[in-house]
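Asks: The structure is given below, and queries will be raised subsequently.
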Amino acid sequence: MNDLKGKVIMITGASSGIGESLAYEAAKNGATLILSARRENKLKEVKEQCNKISASEVYVYPLDMSDPDAIEETMVKIENSIGKIDVLINNAGFGRTEEFMTYDLNKAENMFRVNVLGVMYLSQLAAIQMADSRSGHIINVGSIAGKIATPKSAVYSASKFAVIGFSNALRLELKPLNIKVTTINPGPVDTAFFDEFDPSGSYLERIGRFVLTSDEVAEKTIKIIGTNKREVNLPFSLSVAAKLYSLFPALGDYLILNQFDKK
């Protein structure tokens with residue numbers, strides 16, 4: 001699948017941020033695109049830009065990832081009008097930094113519906129399609145927060161731990177069907193995501209040296225399509241930190257609390 005021309009790629013959360021950059025990067029490589037998010041007007045703007053980049057088809061399907069019925073209806077429409085999806089990139093998600101003691105658990109439930117259950121519903125339906133042709137690739141956008149949890153991100157970290165765990169098991173289940181599963185685990189990315197995650201706007205300033213651009217994440221993600229890459233952790237410094245944290249968790253906890261807790 002190194003040549004994406006003629007391949008159908010579905011991207012969720014494609015109206016802004018990483019998802020928008022993924023759309024442009026995939027368009028550069030000639031893929032047929034299915035763009036999904038809640039904001040149809042923004043999706044149409046992204047589609048227009050993709051059309052300027054590539055002559056390949058771009059389809060827009062507004063979708064609320066917290067609604068399983070909507071996910072199923074959308075997948076039926078896509079299969080009937082376009083056909084099988086070759087690559088699914090589960091990018092939609094959101095987070096919020098807040099102490100757990102005061103966290104509104106109704107918001108936590110909604111976060112899990114989008115970040116975790118939505119990923120599961122959509123992945124299951126895509127995998128059923130892919131199984132018929134015994135080919136395909138599911139890419140789930142997790143987070144370094146799913147490998148290194150920090151204070152004030154308990155709910156978000158839990159949702160991304162779930163995405164990573166789900167992806168690891170799914171990879172083993174789908175391997176006999178020649179369906180690949182990869183997780184992309186970026187650290188902080190300078191996008192509108194942080195409008196919700198950190199309303200104060202100060203977090204990104206304090207961790208500047210670790211901050212990625214959405215274009216960097218998109219480029220790395222599109223490059224691994226069709227490969228057997230298990231996971232991609234970004235940036236390199238946080239990838240190393242995640243490995244060290246798994247080897248020395250007590251030391252990791254100490255450093256997070258005393259050196260790296262910037263929220």
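The chains in the structure tokens are called A, B, ... from first to last as shown; in each chain the residues are counted from 1, and the ligands are counted from 1 in the order shown.
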Quick one: residues within 12 Å of stretch 62-67 of chain A, only C-alpha atoms counted, chain neighbours fewer than 5 positions away excluded, as a VMD selection string?
Replies: chain A and resid 10 to 15 34 to 44 72 to 75 77 to 78 90 to 94 107 109 to 123
Asks: Would you pick out the contacts of stretch 211-215 of chain A at 6 Å or less, using only C-alpha atoms, so that residues sharing its chain but fewer than 3 positions from it are not included, and give the list as a PyMOL selection string?
Replies: chain A and resi 17-18+21+188-190+208+218
Asks: Please provide as a PyMOL selection string all residues within 10 Å of stretch 163-180 of chain A, with the sequence filter that same-chain residues fewer than 4 positions apart are discarded (counting only C-alpha atoms).
Replies: chain A and resi 86-87+112+115-117+119-120+123-124+127+130-144+146-147+157-159+184-185+225-231
Asks: Mind dumping the selected residues with N, CA, C and O atoms as a compact mmCIF listing (two decimals), in the first residue's frame?
Replies:
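Result saved to part-v1.txt:
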```txt
# COMPACT_ATOMS: atom_id res chain seq x y z
N ASP A 86 -9.94 1.11 2.49
CA ASP A 86 -8.63 0.46 2.56
C ASP A 86 -7.88 0.82 3.84
O ASP A 86 -7.16 -0.01 4.40
N VAL A 87 -8.04 2.07 4.26
CA VAL A 87 -7.34 2.56 5.45
C VAL A 87 -8.32 3.38 6.29
O VAL A 87 -8.98 4.27 5.76
N PHE A 112 -15.14 9.17 26.81
CA PHE A 112 -14.94 7.75 26.50
C PHE A 112 -15.79 7.31 25.32
O PHE A 112 -15.38 6.45 24.54
N ASN A 115 -13.56 9.03 22.38
CA ASN A 115 -12.16 8.61 22.29
C ASN A 115 -11.98 7.10 22.23
O ASN A 115 -11.00 6.62 21.65
N VAL A 116 -12.89 6.36 22.86
CA VAL A 116 -12.71 4.91 22.98
C VAL A 116 -13.81 4.13 22.25
O VAL A 116 -13.54 3.40 21.30
N LEU A 117 -15.04 4.30 22.69
CA LEU A 117 -16.12 3.50 22.11
C LEU A 117 -16.34 3.83 20.64
O LEU A 117 -16.61 2.93 19.82
N VAL A 119 -14.09 4.74 18.53
CA VAL A 119 -13.00 4.05 17.85
C VAL A 119 -13.32 2.57 17.69
O VAL A 119 -13.09 1.96 16.62
N MET A 120 -13.89 1.96 18.73
CA MET A 120 -14.22 0.54 18.68
C MET A 120 -15.33 0.25 17.67
O MET A 120 -15.22 -0.68 16.86
N SER A 123 -13.94 0.84 14.11
CA SER A 123 -12.92 -0.15 13.77
C SER A 123 -13.57 -1.51 13.47
O SER A 123 -13.13 -2.22 12.55
N GLN A 124 -14.57 -1.87 14.25
CA GLN A 124 -15.23 -3.15 14.02
C GLN A 124 -15.88 -3.21 12.65
O GLN A 124 -15.72 -4.17 11.89
N ALA A 127 -13.19 -3.27 9.96
CA ALA A 127 -12.50 -4.57 9.93
C ALA A 127 -13.35 -5.63 9.22
O ALA A 127 -12.82 -6.47 8.49
N MET A 130 -12.82 -5.00 5.60
CA MET A 130 -11.47 -5.36 5.19
C MET A 130 -11.26 -6.87 5.16
O MET A 130 -10.48 -7.38 4.35
N ALA A 131 -11.94 -7.57 6.05
CA ALA A 131 -11.76 -9.03 6.14
C ALA A 131 -12.16 -9.72 4.84
O ALA A 131 -11.58 -10.75 4.47
N ASP A 132 -13.13 -9.17 4.13
CA ASP A 132 -13.58 -9.79 2.87
C ASP A 132 -12.48 -9.84 1.83
O ASP A 132 -12.39 -10.79 1.06
N SER A 133 -11.64 -8.79 1.81
CA SER A 133 -10.54 -8.76 0.83
C SER A 133 -9.21 -9.15 1.45
O SER A 133 -8.18 -9.16 0.76
N ARG A 134 -9.24 -9.46 2.74
CA ARG A 134 -8.03 -9.83 3.48
C ARG A 134 -6.91 -8.81 3.27
O ARG A 134 -5.75 -9.16 3.02
N SER A 135 -7.29 -7.54 3.43
CA SER A 135 -6.29 -6.47 3.36
C SER A 135 -6.88 -5.23 4.02
O SER A 135 -8.10 -5.06 4.08
N GLY A 136 -6.00 -4.36 4.50
CA GLY A 136 -6.45 -3.12 5.10
C GLY A 136 -5.53 -2.67 6.21
O GLY A 136 -4.62 -3.40 6.63
N HIS A 137 -5.74 -1.46 6.67
CA HIS A 137 -4.91 -0.89 7.72
C HIS A 137 -5.78 0.01 8.59
O HIS A 137 -6.45 0.91 8.08
N ILE A 138 -5.78 -0.24 9.89
CA ILE A 138 -6.47 0.61 10.86
C ILE A 138 -5.42 1.33 11.68
O ILE A 138 -4.55 0.71 12.29
N ILE A 139 -5.49 2.66 11.67
CA ILE A 139 -4.54 3.48 12.42
C ILE A 139 -5.31 4.26 13.47
O ILE A 139 -6.21 5.04 13.13
N ASN A 140 -4.98 4.04 14.71
CA ASN A 140 -5.66 4.72 15.82
C ASN A 140 -4.73 5.75 16.44
O ASN A 140 -3.61 5.43 16.85
N VAL A 141 -5.19 6.98 16.48
CA VAL A 141 -4.39 8.05 17.08
C VAL A 141 -4.59 8.02 18.59
O VAL A 141 -5.67 8.33 19.10
N GLY A 142 -3.56 7.58 19.27
CA GLY A 142 -3.58 7.57 20.73
C GLY A 142 -2.91 8.83 21.26
O GLY A 142 -3.20 9.93 20.81
N SER A 143 -1.98 8.65 22.18
CA SER A 143 -1.27 9.79 22.75
C SER A 143 -0.16 9.29 23.65
O SER A 143 -0.26 8.20 24.23
N ILE A 144 0.89 10.07 23.76
CA ILE A 144 1.92 9.76 24.76
C ILE A 144 1.28 9.75 26.15
O ILE A 144 1.74 9.05 27.05
N GLY A 146 -1.22 8.25 26.91
CA GLY A 146 -1.64 6.87 27.14
C GLY A 146 -0.50 5.97 27.55
O GLY A 146 -0.71 4.79 27.83
N LYS A 147 0.70 6.53 27.59
CA LYS A 147 1.88 5.78 28.04
C LYS A 147 2.48 6.38 29.31
O LYS A 147 3.03 5.67 30.14
N SER A 157 -5.94 10.58 29.96
CA SER A 157 -4.93 9.52 29.91
C SER A 157 -5.58 8.14 29.92
O SER A 157 -5.16 7.25 29.18
N ALA A 158 -6.62 7.98 30.74
CA ALA A 158 -7.31 6.70 30.79
C ALA A 158 -7.91 6.34 29.43
O ALA A 158 -7.85 5.19 29.00
N SER A 159 -8.48 7.33 28.75
CA SER A 159 -9.07 7.06 27.44
C SER A 159 -8.01 6.64 26.43
O SER A 159 -8.24 5.76 25.59
N ILE A 184 -0.66 5.70 16.64
CA ILE A 184 0.17 6.90 16.57
C ILE A 184 0.01 7.63 17.89
O ILE A 184 -1.09 8.01 18.27
N ASN A 185 1.11 7.79 18.62
CA ASN A 185 1.04 8.37 19.96
C ASN A 185 1.85 9.67 20.02
O ASN A 185 3.03 9.67 20.39
N ILE A 225 1.54 3.91 6.33
CA ILE A 225 0.42 3.16 5.76
C ILE A 225 0.95 1.99 4.93
O ILE A 225 1.82 2.16 4.08
N GLY A 226 0.42 0.83 5.19
CA GLY A 226 0.83 -0.37 4.46
C GLY A 226 2.03 -1.08 5.05
O GLY A 226 2.40 -2.16 4.59
N THR A 227 2.65 -0.50 6.07
CA THR A 227 3.79 -1.15 6.72
C THR A 227 3.31 -1.93 7.94
O THR A 227 2.16 -1.82 8.35
N ASN A 228 4.21 -2.68 8.52
CA ASN A 228 3.88 -3.46 9.72
C ASN A 228 4.27 -2.72 11.00
O ASN A 228 4.44 -3.35 12.04
N LYS A 229 4.39 -1.42 10.91
CA LYS A 229 4.77 -0.62 12.08
C LYS A 229 3.75 -0.80 13.19
O LYS A 229 2.54 -0.63 12.98
N ARG A 230 4.22 -1.16 14.37
CA ARG A 230 3.32 -1.43 15.49
C ARG A 230 2.80 -0.14 16.11
O ARG A 230 1.61 -0.01 16.39
N GLU A 231 3.70 0.81 16.32
CA GLU A 231 3.31 2.10 16.89
C GLU A 231 4.35 3.15 16.54
O GLU A 231 5.50 2.83 16.26
```
Asks: One number please: atom CA of A:Ser153 to atom CA of A:Tyr103, in Å, one decimal.
Replies: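 For atom CA of A:Ser153 relative to atom CA of A:Tyr103, the distance reads 10.1 Å.
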Asks: Go through stretch 56-224 of chain A and collect every residue that DSSP, computed from the backbone, puts in alpha helix (DSSP H); the answer should be as JSON, numbers by chain.
Replies: {"A": [68, 69, 70, 71, 72, 73, 74, 75, 76, 77, 78, 79, 80, 81, 105, 106, 107, 108, 109, 110, 111, 112, 118, 119, 120, 121, 122, 123, 124, 125, 126, 127, 128, 129, 130, 131, 132, 133, 154, 155, 156, 157, 158, 159, 160, 161, 162, 163, 164, 165, 166, 167, 168, 169, 170, 171, 172, 173, 174, 193, 194, 195, 196, 197, 203, 204, 205, 206, 214, 215, 216, 217, 218, 219, 220, 221, 222, 223]}
Asks: List every residue of stretch 20-164 of chain A that DSSP, applied to the backbone of this structure, assigns to strand (DSSP E), and report them as a list in words.
Replies: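 Those residues are Thr32, Leu33, Ile34, Leu35, Ser36, Val58, Tyr59, Val60, Val87, Leu88, Ile89, Asn90, Gly136, His137, Ile138, Ile139, Asn140 and Val141 of chain A.
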Asks: Name all residues at most 7 Å from stretch 235-250 of chain A (count only C-alpha atoms; drop same-chain ones fewer than 2 positions away) and give them as a VMD selection string.
Replies: chain A and resid 147 to 148 186 to 187 210 233 252 to 254
Asks: Would you write out those residues with N, CA, C and O atoms, as a short mmCIF file (atom, residue, chain, number, x, y, z; two decimals), in the first residue's frame?
Replies:
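That gives us again-v1.cif:
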```cif
data_model
loop_
_atom_site.label_atom_id
_atom_site.label_comp_id
_atom_site.auth_asym_id
_atom_site.auth_seq_id
_atom_site.Cartn_x
_atom_site.Cartn_y
_atom_site.Cartn_z
N LYS A 147 0.70 6.53 27.59
CA LYS A 147 1.88 5.78 28.04
C LYS A 147 2.48 6.38 29.31
O LYS A 147 3.03 5.67 30.14
N ILE A 148 2.38 7.70 29.41
CA ILE A 148 2.87 8.40 30.59
C ILE A 148 1.74 9.28 31.11
O ILE A 148 1.44 10.33 30.53
N PRO A 186 1.23 10.78 19.63
CA PRO A 186 1.97 12.05 19.69
C PRO A 186 1.96 12.65 21.09
O PRO A 186 1.04 12.41 21.89
N GLY A 187 2.98 13.42 21.36
CA GLY A 187 2.96 14.27 22.55
C GLY A 187 2.11 15.49 22.23
O GLY A 187 1.25 15.45 21.36
N PHE A 210 8.75 20.35 23.56
CA PHE A 210 8.16 19.06 23.22
C PHE A 210 7.01 19.17 22.22
O PHE A 210 6.46 18.15 21.79
N ASN A 233 5.70 6.76 18.22
CA ASN A 233 5.67 7.65 19.38
C ASN A 233 6.45 8.92 19.07
O ASN A 233 7.60 8.85 18.65
N GLY A 252 10.09 7.51 37.36
CA GLY A 252 9.27 8.30 36.46
C GLY A 252 8.23 9.11 37.21
O GLY A 252 8.03 10.31 36.91
N ASP A 253 7.57 8.50 38.17
CA ASP A 253 6.58 9.22 38.97
C ASP A 253 7.22 10.40 39.70
O ASP A 253 6.65 11.50 39.76
N TYR A 254 8.40 10.16 40.26
CA TYR A 254 9.10 11.22 40.99
C TYR A 254 9.42 12.40 40.07
O TYR A 254 9.18 13.56 40.41
#
```
Asks: List the spatial neighbours of A:Ala31 as JSON, numbers by chain - criterion: any atom at most 10 Å away, only C-alpha atoms, same-chain residues fewer than 2 positions off excluded.
Replies: {"A": [3, 4, 5, 6, 7, 8, 9, 10, 23, 24, 25, 26, 27, 28, 29, 33, 34, 54, 55, 56, 57, 58, 87]}
Asks: Export N, CA, C and O atoms of the chosen residues as a short mmCIF file (atom, residue, chain, number, x, y, z; two decimals), in the first residue's frame?
Replies:
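Once written, part_24.cif looks like this:
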```cif
data_model
loop_
_atom_site.label_atom_id
_atom_site.label_comp_id
_atom_site.auth_asym_id
_atom_site.auth_seq_id
_atom_site.Cartn_x
_atom_site.Cartn_y
_atom_site.Cartn_z
N ASP A 3 1.92 2.88 -2.49
CA ASP A 3 1.32 3.76 -3.46
C ASP A 3 -0.14 3.95 -3.08
O ASP A 3 -0.93 3.01 -3.12
N LEU A 4 -0.53 5.17 -2.70
CA LEU A 4 -1.88 5.41 -2.21
C LEU A 4 -2.87 5.77 -3.31
O LEU A 4 -4.05 5.96 -3.02
N LYS A 5 -2.42 5.85 -4.53
CA LYS A 5 -3.34 6.18 -5.62
C LYS A 5 -4.40 5.09 -5.76
O LYS A 5 -4.09 3.91 -5.87
N GLY A 6 -5.66 5.51 -5.71
CA GLY A 6 -6.75 4.56 -5.81
C GLY A 6 -7.15 3.93 -4.49
O GLY A 6 -8.16 3.22 -4.42
N LYS A 7 -6.38 4.16 -3.43
CA LYS A 7 -6.72 3.64 -2.11
C LYS A 7 -7.71 4.58 -1.43
O LYS A 7 -7.61 5.80 -1.53
N VAL A 8 -8.66 3.98 -0.74
CA VAL A 8 -9.69 4.76 -0.05
C VAL A 8 -9.30 4.90 1.42
O VAL A 8 -9.19 3.90 2.13
N ILE A 9 -9.11 6.13 1.87
CA ILE A 9 -8.70 6.40 3.25
C ILE A 9 -9.79 7.20 3.93
O ILE A 9 -10.18 8.27 3.46
N MET A 10 -10.27 6.70 5.05
CA MET A 10 -11.24 7.43 5.86
C MET A 10 -10.54 8.04 7.06
O MET A 10 -9.81 7.36 7.78
N ALA A 23 -5.52 14.83 6.02
CA ALA A 23 -6.23 14.90 4.75
C ALA A 23 -5.35 15.47 3.66
O ALA A 23 -5.28 14.94 2.54
N TYR A 24 -4.63 16.55 3.96
CA TYR A 24 -3.78 17.19 2.95
C TYR A 24 -2.61 16.27 2.58
O TYR A 24 -2.24 16.17 1.40
N GLU A 25 -2.03 15.62 3.55
CA GLU A 25 -0.89 14.73 3.28
C GLU A 25 -1.33 13.52 2.45
O GLU A 25 -0.62 13.11 1.52
N ALA A 26 -2.49 12.97 2.77
CA ALA A 26 -3.01 11.83 1.99
C ALA A 26 -3.37 12.26 0.58
O ALA A 26 -3.16 11.52 -0.38
N ALA A 27 -3.91 13.48 0.46
CA ALA A 27 -4.24 14.00 -0.87
C ALA A 27 -2.98 14.15 -1.73
O ALA A 27 -3.00 13.84 -2.93
N LYS A 28 -1.89 14.61 -1.12
CA LYS A 28 -0.62 14.73 -1.86
C LYS A 28 -0.19 13.39 -2.46
O LYS A 28 0.47 13.35 -3.49
N ASN A 29 -0.55 12.31 -1.76
CA ASN A 29 -0.15 10.98 -2.19
C ASN A 29 -1.20 10.29 -3.05
O ASN A 29 -1.12 9.10 -3.31
N LEU A 33 -10.32 10.15 -0.59
CA LEU A 33 -10.52 10.50 0.82
C LEU A 33 -11.99 10.49 1.22
O LEU A 33 -12.85 10.93 0.46
N ILE A 34 -12.23 9.99 2.42
CA ILE A 34 -13.52 10.12 3.10
C ILE A 34 -13.25 10.90 4.37
O ILE A 34 -12.53 10.43 5.25
N SER A 54 -5.02 17.58 -5.17
CA SER A 54 -5.10 16.33 -5.90
C SER A 54 -6.38 16.26 -6.72
O SER A 54 -7.40 16.85 -6.35
N ALA A 55 -6.32 15.47 -7.80
CA ALA A 55 -7.50 15.25 -8.64
C ALA A 55 -8.33 14.07 -8.14
O ALA A 55 -9.40 13.78 -8.70
N SER A 56 -7.87 13.39 -7.10
CA SER A 56 -8.60 12.24 -6.56
C SER A 56 -9.89 12.70 -5.88
O SER A 56 -10.01 13.84 -5.43
N GLU A 57 -10.83 11.77 -5.77
CA GLU A 57 -12.12 12.09 -5.17
C GLU A 57 -11.99 12.35 -3.67
O GLU A 57 -11.19 11.72 -2.98
N VAL A 58 -12.81 13.29 -3.19
CA VAL A 58 -12.89 13.58 -1.76
C VAL A 58 -14.37 13.60 -1.37
O VAL A 58 -15.15 14.35 -1.96
N VAL A 87 -8.04 2.07 4.26
CA VAL A 87 -7.34 2.56 5.45
C VAL A 87 -8.32 3.38 6.29
O VAL A 87 -8.98 4.27 5.76
#
```
Asks: Kindly give the distance, in Å, that separates atom CA of A:Asn106 and atom CA of A:Ile89, rounded to a single decimal.
Replies: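 If I compute the distance from atom CA of A:Asn106 to atom CA of A:Ile89, I get 26.6 Å.
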Asks: Using only C-alpha atoms, which of the listed residues (A:Ile82, A:Val155, A:Cys50, A:Ala108) sits closest to A:Gly30?
Replies: A:Cys50
Asks: Between A:Lys223, A:Gln49, A:Tyr156, A:Val60, which is the closest to A:Gly95 once you count only C-alpha atoms?
Replies: A:Tyr156
